[in-house]
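Participant: Could you have a look at this structure, given as structure tokens, before my questions?
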Amino acid sequence: MASRTVAKDIITLRGSAAIVSEFFGYAANSILYNRGVYPEESFAKVKKYGLPMLLTQDEGVKSFISNLTAQLSGHFSHSGNELIVLEKEWLEAGKLQRVVLVIMSKATNEVLERWNFSIETDSEVVEKGVSREKSDKEIMREIQAIMRQIASSITYLPCLDEPCVFDVLAYTDKDVAVPFTWIESDPKLIANPQMVKLHSFDTKIHKVDTLVSYKNDEWEEQ
Amino acid sequence: MVSTRSLMDLDRAHTLLTNKTTDFKSSKCNEVYQQKLIESQSLNSEWKRIMVFKGSTKSIRFVDELRQEMAAISDNKSKQAPYRSIPKAEMIVLDAPGLMDDYYVNIMSWGKNNVLAVGLGPTLYLWNSVDQSIHKLFHVREEDIWPTSITWSEEARTLAVGYTCSNLQLWDAESSKLVSSLSLFLYRIRALRRLLQSIHHVSVYLQIRSLQGHSGRIASTAWNGHILTSGSRDNSIINHDIRARNHLASCIKKHSDEVCGLKWSNEGDRLASGGSEKQLYIWEASKMSSSKFLHRFTDHCAAVKALAWCPYQHNVLASGGGWNDRCIRIWNTQKGICIHSIETKAQISGLEWNRYQKEILSSHGYSTGEDQNKLCLWKYPSMTKVGEFGNHEPRIINLCQSPDGVTVVLAVADETLWFWDVFGPPYDWNFNGFGSSRSFLFEEFSDKIVIASEQQFTTC
């Protein structure tokens with residue numbers, strides 16, 4: 001009888017951090033596209049996670065997101081003429097708790113939507129340097145589910161019909177030094193938000209939960 | 001930064017309460033997380049730091065705004081951009097009787113000494129922009145001989161004058177070169193000069209040299225230190241070393257028609273030469289004696305007279321074509337490629353770069369429609385039109401820039417010289433000129449040095 005167990009791959013801390021930061025990059029692009037923060041024409045299709053994913057072609061946004069994901073995974077990164085040297089804290093040190101993509105009205109700066117990605121890190125892996133096992137395909141399937149949910153979120157999220165801008169917040173442990181491309185911030189919360197929890201994915205080292213909260217016009221019974 | 005820990009916890013708590021799907025697995029890391037949650041309940045424990053990403057030196061927001069600004073500017077082609085006002089009126093208009101309506105010659109040069117040398121037919125005048133005094137340098141008596149190319153040397157100590165008869169003269173301001181056999185006579189002249197200088201603050205010019213070499217009229221000249229380059233109707237370019245007794249340094253015969261445009265780069269390493277046969281050549285200073293050109297550009301379909309090297313980008317040259325071409329082309333002379341080509345609607349008689357802002361000004365002559373006889377201002381490097389001004393009747397023949405880089409002067413075919421304060425640092429842009437124009441007249445007095453002022457005429 002053929003083995004029914006799915007072949008498992010070895011996941012290291014670094015590998016897991018790379019998966020998470022890459023996921024964030026694609027998720028951010030997807031949100032910006034689906035929520036209309038940047039015009040449709042400025043995006044190009046690529047294949048990722050077994051889906052057609054949209055990536056921005058705008059140089060400014062591109063470099064912003066790539067600098068950001070490099071920061072999250074804690075690796076060296078080139079950004080045009082700048083070499084950003086990053087400390088291996090954040091994902092690899094298990095000190096990153098959350099990444100939040102905030103969408104605000106350009107005119108009033110009011111927070112309209114919050115895409116919250118909570119991260120739980122297996123501290124044993126961080127402390128002892130062990131690795132875990134999980135099938136890459138399985139992780140990809142989980143991420144695929146989240147991406148599909150982001151795309152279909154437009155069915156229930158209120159229409160953003162005014163020009164919007166976005167910001168990315170990082171919640172880290174208190175002992176993390178603020179790098180020079182970041183500044184301390186308030187959490188940019190929405191008052192009385194409506195929330196929808198999306199699927200999560202787990203690399204066995206990092207578990208990422210996705211939640212979107214949005215501004216609610218009318219009071220709704222939970 | 002005031003701690004907003006309580007708010008954060010509320011957020012988290014709310015999340016827990018309003019979850020539509022419950023999928024909290026009790027895993028090890030979750031326990032740790034919950035542990036931290038419990039820890040956070042106690043007073044004075046701050047376990048979170050929130051930061052917002054600003055990206056690299058240019059944050060997304062700034063780049064977005066900049067892009068919108070650029071888009072707004074390119075939308076208003078003929079309308080003035082709010083921060084850049086085109087002068088509404090010229091500063092000064094000078095009467096220039098005798099000015100020849102010839103597209104190919106270069107009869108104006110504004111030296112570092114603030115003196116504008118301009119050839120009005122057979123007479124050469126010097127106009128001092130500081131005190132507005134006018135001085136006639138000479139008048140050629142022979143028929144059909146008149147200056148066709150006038151250029152001040154870099155430090156404005158020498159004035160090069162090329163003629164229709166292929167003669168090239170060097171005039172020296174305050175020359176102290178003496179011819180030994182006439183020392184007594186010259187002593188009197190020196191005394192006279194000192195007298196003149198003390199009373200009337202006038203510079204006396206002496207012709208120091210006459211350079212031969214060409215067999216056709218000299219349409220263009222350009223200085224590079226002690227090298228004076230001349231371009232002629234005999235299709236050749238000659239480099240004269242004015243220090244040497246035998247001044248002919250090199251002679252290049254590559255053009256097949258009159259060399260009407262000649263400009264050395266600001267660093268003095270490249271020479272651009274434009275001909276009536278529509279060719280534009282780029283030469284390297286070190287290789288000129290071998291007649292080997294660096295680049296030959298044949299894109300223009302008319303005479304290339306207007307040439308100007310970019311003051312802020314090494315090796316970038318702007319060239320303007322004549323009536324059949326009407327294009328401004330920007331070249332990278334390092335790579336030998338055309339970076340930009342803008343179709344204007346009229347022949348281009350002059351190009352000047354704004355040293356204070358990234359702009360280039362073009363002066364125009366004959367046209368099929370728009371831009372006729374106008375001045376057009378273009379933004380660099382987008383080459384979008386910022387504005388146009390100057391409704392002249394006949395065409396603009398020559399364009400020249402002041403040494404301080406604020407004013408431009410145009411020679412218009414109706415025998416006038418117009419001064420526009422179009423360049424300059426941003427805080428100067430709201431200055432629209434004097435409004436009223438004052439006219440001066442170049443009077444012709446043979447054999448006499450004339451000092452003309454607003455109030456009176458004095459001869460000496």
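Ligands are numbered from 1 in the order shown, chains are lettered A, B, ... in the order of the structure tokens, and residues start at 1 in each chain.
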Would you list the contacts of Gly111 in chain B as a list of chain:residue names, taking every protein, DNA or RNA residue within 10 Å and counting only C-alpha atoms, but skipping same-chain residues closer than 6 positions in sequence?

Facilitator: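 The neighbour list is B:Ala117, B:Asn128, B:Thr151, B:Trp152, B:Ser153, B:Glu154, B:Glu155, B:Ala156, B:Arg157, B:Thr158, B:Leu159, B:Gln401, B:Ser402, B:Pro403.
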
Participant: Please, which residues of chain A lie no more than 7 Å from chain B when the count uses only C-alpha atoms, and can they be set out as an mmCIF file with C-alpha atoms, in the first residue's frame?

Facilitator:
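Now in selection-v6.cif:
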```
data_model
loop_
_atom_site.group_PDB
_atom_site.id
_atom_site.type_symbol
_atom_site.label_atom_id
_atom_site.label_comp_id
_atom_site.auth_asym_id
_atom_site.auth_seq_id
_atom_site.Cartn_x
_atom_site.Cartn_y
_atom_site.Cartn_z
ATOM 1 C CA GLY A 60 8.114 53.952 -5.105
ATOM 2 C CA VAL A 61 5.637 51.436 -3.722
ATOM 3 C CA PHE A 64 8.772 50.598 0.017
ATOM 4 C CA ASN A 67 12.458 47.413 2.178
ATOM 5 C CA LEU A 68 9.699 46.539 4.581
ATOM 6 C CA GLU A 120 3.207 33.869 17.187
ATOM 7 C CA THR A 121 6.688 32.471 17.288
ATOM 8 C CA ASP A 122 7.757 29.111 18.669
ATOM 9 C CA SER A 123 10.211 30.270 21.302
ATOM 10 C CA ASP A 167 0.965 52.872 6.380
ATOM 11 C CA VAL A 168 2.535 49.761 7.859
ATOM 12 C CA LEU A 169 2.881 49.342 11.609
ATOM 13 C CA ALA A 170 4.987 46.804 13.409
ATOM 14 C CA TYR A 171 4.328 45.658 16.954
ATOM 15 C CA THR A 172 7.537 44.377 18.469
ATOM 16 C CA ASP A 173 8.895 43.522 21.892
ATOM 17 C CA LYS A 174 9.818 46.565 23.899
ATOM 18 C CA THR A 181 13.537 53.796 8.661
ATOM 19 C CA TRP A 182 10.862 53.451 11.317
ATOM 20 C CA ILE A 183 9.471 55.815 13.917
ATOM 21 C CA GLU A 184 7.443 55.228 17.050
ATOM 22 C CA SER A 185 3.762 55.449 16.433
ATOM 23 C CA ASP A 186 0.318 55.210 17.921
ATOM 24 C CA PRO A 187 -1.654 52.095 16.928
ATOM 25 C CA LYS A 197 -11.200 37.104 10.975
ATOM 26 C CA GLN A 222 -22.504 41.165 16.958
#
```

Participant: Looking only at strand (DSSP E or B) from DSSP on the backbone, list the matching residues of range 5-221 of chain A as a count of residues only.

Facilitator: 78

Participant: When you count only C-alpha atoms, which of these residues is closest to Asp404 in chain B: B:Asp131, B:Glu388, B:Glu267, B:Asp421?

Facilitator: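 Ranking B:Asp131, B:Glu388, B:Glu267, B:Asp421 by distance to Asp404 in chain B, first place goes to B:Asp421.
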
Participant: Using only C-alpha atoms, find the one residue out of A:Lys188, A:Lys45, A:Lys62, A:Arg141 that sits nearest to Asp202 in chain A.

Facilitator: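 Ranked by minimum distance to Asp202 in chain A, first place goes to A:Arg141.
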
Participant: For CA of Phe117 in chain A and CA of Phe24 in chain A, determine how far apart the two atoms are, in Å to one decimal place.

Facilitator: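 Pair CA of Phe117 in chain A / CA of Phe24 in chain A returns 8.5 Å.
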